[in-house]
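Encoded as structure tokens, the structure appears first; notes follow it.
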Amino acid sequence: MDEPKIQNIKWTGLLLLACVIWGSTFSLVKDTLSYVDTTANLAIRYAISTLAFGAYVFFQKNKVGKSEIKHGTVLGIILFFSMWTQTWGLNFTTATNSAFVTGLYVILVPVFSTVFLKKFPETKIIAAILLAVGGLTLLTNFSGSMNIGDMVTLLTAAGFAIHILYTGIAVKKCGMEGMVLAQIACTAVLSIAAMLIAGKVPQSMPLVTLASLAFLGIFATVIALIIQTSAQKFIEPTKVALIFATEPLFAAFFAFLLLGEKMAMLQWLGGVLIIAAMLLPERKN
């Protein structure tokens, strides 16, 4: 097996691990919103991630240059916007609907890539995208009706699509670790500023909520972003988006495992379609 194929398999597997982590967070984030405001949720989460990863980078004596700061700051602004709209939207919609609407970036990545980068998707990529959207619809049992939370979450889908595209460009121009650190630090600063402006500084919270925010900060932010950023050196953005379409599948799995929520036959079919969509681009013509 040649080296590019090995790298593709390796990073596809790691991106799936990131999806497992993210899939476990929808219900977790919704639960934390019972105790802390949207801005406080993000401020604490990204402050924890910045301190933890910043300490790692410092002790590793890795340098963060101007290029890393520039691209990381742009990504941080995009990430803050995407996370704020998703977290705020969860106040008004279900975790299931949020997962579906967020997953629509699988359509927006190739659309934005075509419009802004003049990169047209192959026929099998288009087929995979249609499979993924069909799978998402069945998996999340999305009815088609949308509330204000869902409409706001559409902005999240657009933000994540731009984030994926920009990461694919930036990671080829600067160091991965410095760019990730600048990104989460920028998101932390914006989140803290938003929290202070909103006057939503939490006075207290249950220990379990703080533990949940720490999990979100370390695993769902630092580790997942390192995986995504590293993988995008080898896998093009549209394929990354198709892999990320499995996130709601893992969200449904954790809802079944932890909350006892059962999946109907059509939801299982949706999961199969999503997996097929992820595998289709690897099929030889």
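Ligands are numbered from 1 in the order shown, residues from 1 within each chain, and chains are lettered A, B, ... in the order they appear in the structure tokens.
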Could you name the residues that touch Thr153 in chain A at 7 Å or less, counting only C-alpha atoms, but leaving out those on the same chain fewer than 2 positions away, as a short mmCIF file (atom, residue, chain, number, x, y, z; two decimals) with N, CA and C atoms, in the first residue's frame?
data_model
loop_
_atom_site.label_atom_id
_atom_site.label_comp_id
_atom_site.auth_asym_id
_atom_site.auth_seq_id
_atom_site.Cartn_x
_atom_site.Cartn_y
_atom_site.Cartn_z
N THR A 85 -23.48 30.65 17.67
CA THR A 85 -24.79 30.43 17.06
C THR A 85 -25.32 29.04 17.37
N GLN A 86 -24.43 28.03 17.38
CA GLN A 86 -24.88 26.67 17.70
C GLN A 86 -25.33 26.56 19.15
N GLY A 89 -28.47 28.59 19.71
CA GLY A 89 -29.60 27.90 19.07
C GLY A 89 -30.13 26.74 19.89
N SER A 98 -30.48 20.29 16.20
CA SER A 98 -29.20 20.99 16.11
C SER A 98 -28.18 20.15 15.35
N VAL A 101 -29.20 20.24 11.49
CA VAL A 101 -28.96 21.51 10.81
C VAL A 101 -27.46 21.81 10.72
N THR A 102 -26.74 21.53 11.80
CA THR A 102 -25.28 21.71 11.78
C THR A 102 -24.65 20.86 10.69
N GLY A 149 -34.39 28.56 16.74
CA GLY A 149 -33.12 27.90 17.07
C GLY A 149 -32.50 27.23 15.87
N ASP A 150 -33.35 26.59 15.05
CA ASP A 150 -32.86 25.92 13.84
C ASP A 150 -32.34 26.93 12.82
N MET A 151 -33.04 28.06 12.68
CA MET A 151 -32.63 29.08 11.73
C MET A 151 -31.27 29.66 12.11
N LEU A 155 -26.71 29.28 10.46
CA LEU A 155 -25.50 30.11 10.42
C LEU A 155 -24.30 29.33 10.92
N THR A 156 -24.55 28.43 11.86
CA THR A 156 -23.49 27.54 12.36
C THR A 156 -22.96 26.66 11.23
N ALA A 157 -23.88 26.09 10.46
CA ALA A 157 -23.49 25.23 9.34
C ALA A 157 -22.63 26.00 8.34
#
Would you write out, as a tab-separated table, a table of all residues in range 31-116 of chain A that have an atom no more than 7 Å from an atom of range 138-147 of chain A, listing for each the closest atom pair and the distance in Å to one decimal, considering only C-alpha atoms and ordering rows by chain and rising residue number?
residue	atom	partner	partner_atom	distance
A:Thr96	CA	A:Thr140	CA	5.7
A:Asn97	CA	A:Phe142	CA	6.7
A:Phe100	CA	A:Thr140	CA	6.2
Restrict the calculation to only C-alpha atoms, then for each residue of range 109-197 of chain A with any atom at most 10 Å from an atom of range 32-50 of chain A give the closest atom pair and their distance in Å to one decimal, rows by chain and rising residue number, as JSON lines.
{"residue": "A:Val180", "atom": "CA", "partner": "A:Thr50", "partner_atom": "CA", "distance": 9.5}
{"residue": "A:Leu181", "atom": "CA", "partner": "A:Thr50", "partner_atom": "CA", "distance": 6.7}
{"residue": "A:Ala182", "atom": "CA", "partner": "A:Thr50", "partner_atom": "CA", "distance": 8.6}
{"residue": "A:Gln183", "atom": "CA", "partner": "A:Thr50", "partner_atom": "CA", "distance": 9.1}
{"residue": "A:Ile184", "atom": "CA", "partner": "A:Thr50", "partner_atom": "CA", "distance": 5.9}
{"residue": "A:Ala185", "atom": "CA", "partner": "A:Thr50", "partner_atom": "CA", "distance": 5.4}
{"residue": "A:Cys186", "atom": "CA", "partner": "A:Tyr46", "partner_atom": "CA", "distance": 9.0}
{"residue": "A:Thr187", "atom": "CA", "partner": "A:Tyr46", "partner_atom": "CA", "distance": 6.6}
{"residue": "A:Ala188", "atom": "CA", "partner": "A:Tyr46", "partner_atom": "CA", "distance": 4.7}
{"residue": "A:Val189", "atom": "CA", "partner": "A:Ala43", "partner_atom": "CA", "distance": 7.6}
{"residue": "A:Leu190", "atom": "CA", "partner": "A:Ala43", "partner_atom": "CA", "distance": 7.9}
{"residue": "A:Ser191", "atom": "CA", "partner": "A:Ala43", "partner_atom": "CA", "distance": 4.6}
{"residue": "A:Ile192", "atom": "CA", "partner": "A:Ala43", "partner_atom": "CA", "distance": 4.8}
{"residue": "A:Ala193", "atom": "CA", "partner": "A:Ala43", "partner_atom": "CA", "distance": 8.3}
{"residue": "A:Ala194", "atom": "CA", "partner": "A:Thr39", "partner_atom": "CA", "distance": 6.0}
{"residue": "A:Met195", "atom": "CA", "partner": "A:Thr39", "partner_atom": "CA", "distance": 4.8}
{"residue": "A:Leu196", "atom": "CA", "partner": "A:Thr39", "partner_atom": "CA", "distance": 8.6}
{"residue": "A:Ile197", "atom": "CA", "partner": "A:Thr39", "partner_atom": "CA", "distance": 9.5}
Would you save the residues from that selection as a short mmCIF file (atom, residue, chain, number, x, y, z; two decimals), in the first residue's frame, using N, CA and C atoms?
data_model
loop_
_atom_site.label_atom_id
_atom_site.label_comp_id
_atom_site.auth_asym_id
_atom_site.auth_seq_id
_atom_site.Cartn_x
_atom_site.Cartn_y
_atom_site.Cartn_z
N VAL A 180 -3.48 26.34 15.97
CA VAL A 180 -4.57 25.86 16.84
C VAL A 180 -4.62 26.67 18.13
N LEU A 181 -3.45 26.94 18.72
CA LEU A 181 -3.42 27.71 19.96
C LEU A 181 -3.95 29.12 19.73
N ALA A 182 -3.52 29.79 18.65
CA ALA A 182 -4.01 31.14 18.35
C ALA A 182 -5.51 31.12 18.11
N GLN A 183 -5.99 30.06 17.49
CA GLN A 183 -7.42 29.94 17.20
C GLN A 183 -8.26 29.84 18.46
N ILE A 184 -7.89 28.94 19.38
CA ILE A 184 -8.70 28.77 20.58
C ILE A 184 -8.52 29.95 21.54
N ALA A 185 -7.34 30.58 21.52
CA ALA A 185 -7.12 31.76 22.36
C ALA A 185 -8.00 32.92 21.88
N CYS A 186 -8.08 33.10 20.56
CA CYS A 186 -8.94 34.14 19.99
C CYS A 186 -10.39 33.88 20.35
N THR A 187 -10.82 32.63 20.24
CA THR A 187 -12.19 32.26 20.58
C THR A 187 -12.46 32.52 22.06
N ALA A 188 -11.48 32.22 22.91
CA ALA A 188 -11.63 32.46 24.35
C ALA A 188 -11.79 33.94 24.65
N VAL A 189 -10.95 34.78 24.03
CA VAL A 189 -11.02 36.23 24.26
C VAL A 189 -12.38 36.78 23.82
N LEU A 190 -12.84 36.38 22.64
CA LEU A 190 -14.13 36.86 22.15
C LEU A 190 -15.27 36.38 23.04
N SER A 191 -15.17 35.15 23.52
CA SER A 191 -16.22 34.58 24.38
C SER A 191 -16.27 35.30 25.73
N ILE A 192 -15.10 35.56 26.30
CA ILE A 192 -15.04 36.26 27.59
C ILE A 192 -15.58 37.68 27.44
N ALA A 193 -15.21 38.35 26.33
CA ALA A 193 -15.72 39.70 26.08
C ALA A 193 -17.24 39.69 25.95
N ALA A 194 -17.76 38.70 25.22
CA ALA A 194 -19.22 38.59 25.04
C ALA A 194 -19.91 38.33 26.38
N MET A 195 -19.29 37.50 27.22
CA MET A 195 -19.86 37.20 28.53
C MET A 195 -19.91 38.45 29.40
N LEU A 196 -18.84 39.24 29.39
CA LEU A 196 -18.79 40.46 30.21
C LEU A 196 -19.78 41.50 29.70
N ILE A 197 -19.87 41.65 28.38
CA ILE A 197 -20.83 42.60 27.79
C ILE A 197 -22.26 42.21 28.14
#
Who sits within 10 Å of Lys66 in chain A, only C-alpha atoms, same chain under 3 positions skipped, as a ChimeraX atom specification: /A:63,69-72,174,178-179
Exercise: range 227-237 of chain A partners within 7 Å, only C-alpha atoms, chain neighbours under 4 positions left out, as a ChimeraX atom specification: /A:8,11,14-15,18,164-165,167-168,171-172,176,223,241
For Met278 in chain A: contacts at 9 Å, only C-alpha atoms, fewer than 6 positions along chain excluded, given as an MDAnalysis selection string: chainID A and resid 128:129 132 239 242:246
Would you put the residues from that selection into a file with N, CA and C atoms, as a CSV table (one decimal), in the first residue's frame?
chain,number,residue,atom,x,y,z
A,128,ALA,N,-22.4,11.4,-3.1
A,128,ALA,CA,-22.1,11.2,-1.7
A,128,ALA,C,-22.8,12.2,-0.8
A,129,ILE,N,-22.7,13.5,-1.3
A,129,ILE,CA,-23.4,14.6,-0.5
A,129,ILE,C,-24.9,14.3,-0.4
A,132,ALA,N,-25.5,11.7,2.1
A,132,ALA,CA,-25.3,12.1,3.4
A,132,ALA,C,-26.5,12.9,3.9
A,239,LYS,N,-14.2,16.1,1.4
A,239,LYS,CA,-14.1,14.7,2.0
A,239,LYS,C,-14.2,14.8,3.5
A,242,LEU,N,-17.7,15.2,4.5
A,242,LEU,CA,-18.4,14.0,4.4
A,242,LEU,C,-18.1,13.1,5.6
A,243,ILE,N,-16.9,13.0,6.0
A,243,ILE,CA,-16.5,12.3,7.2
A,243,ILE,C,-17.2,12.9,8.5
A,244,PHE,N,-17.3,14.2,8.5
A,244,PHE,CA,-17.9,14.9,9.7
A,244,PHE,C,-19.4,14.6,9.7
A,245,ALA,N,-20.0,14.2,8.6
A,245,ALA,CA,-21.4,13.9,8.6
A,245,ALA,C,-21.8,12.8,9.5
A,246,THR,N,-20.8,12.0,9.9
A,246,THR,CA,-21.0,10.9,10.8
A,246,THR,C,-21.3,11.4,12.2
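Between CA of Gly135 in chain A and CA of Val272 in chain A there is a distance of 7.3 Å.
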Alpha helix (DSSP H) positions in range 50-213 of chain A, given as a PyMOL selection string: chain A and resi 50-59+66-89+95-102+105-117+123-140+148-170+176-198+207-213
Between CA of Thr221 in chain A and CA of His163 in chain A - distance in Å to one decimal: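 Atom-to-atom, CA of His163 in chain A and CA of Thr221 in chain A are spaced 13.9 Å apart.
Contact shell of range 111-113 of chain A at 10 Å (only C-alpha atoms; same-chain neighbours under 3 positions omitted): Tyr105, Val106, Ile107, Leu108, Phe116, Leu117, Lys118, Lys119, Phe120, Pro121, Ala158, Ala161, Ile162, Leu165, Pro237 and Thr238 of chain A.
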Interatomic distance, CA of Phe58 in chain A to CA of Ile218 in chain A (Å, one decimal):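 Distance between the two atoms: 16.5 Å.
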Exercise: range 249-255 of chain A partners within 7 Å, only C-alpha atoms, chain neighbours under 4 positions left out, as a PyMOL selection string: chain A and resi 20+23-24+26+259-261+271
Just-selected residues, C-alpha atoms written as a CSV table (one decimal), in the first residue's frame:
chain,number,residue,atom,x,y,z
A,20,VAL,CA,-17.1,10.4,18.2
A,23,GLY,CA,-21.1,13.3,18.9
A,24,SER,CA,-21.0,12.9,22.6
A,26,PHE,CA,-24.8,17.7,22.0
A,259,LEU,CA,-30.1,8.1,27.8
A,260,GLY,CA,-31.8,5.0,26.6
A,261,GLU,CA,-33.2,6.6,23.5
A,271,GLY,CA,-26.9,5.8,9.6
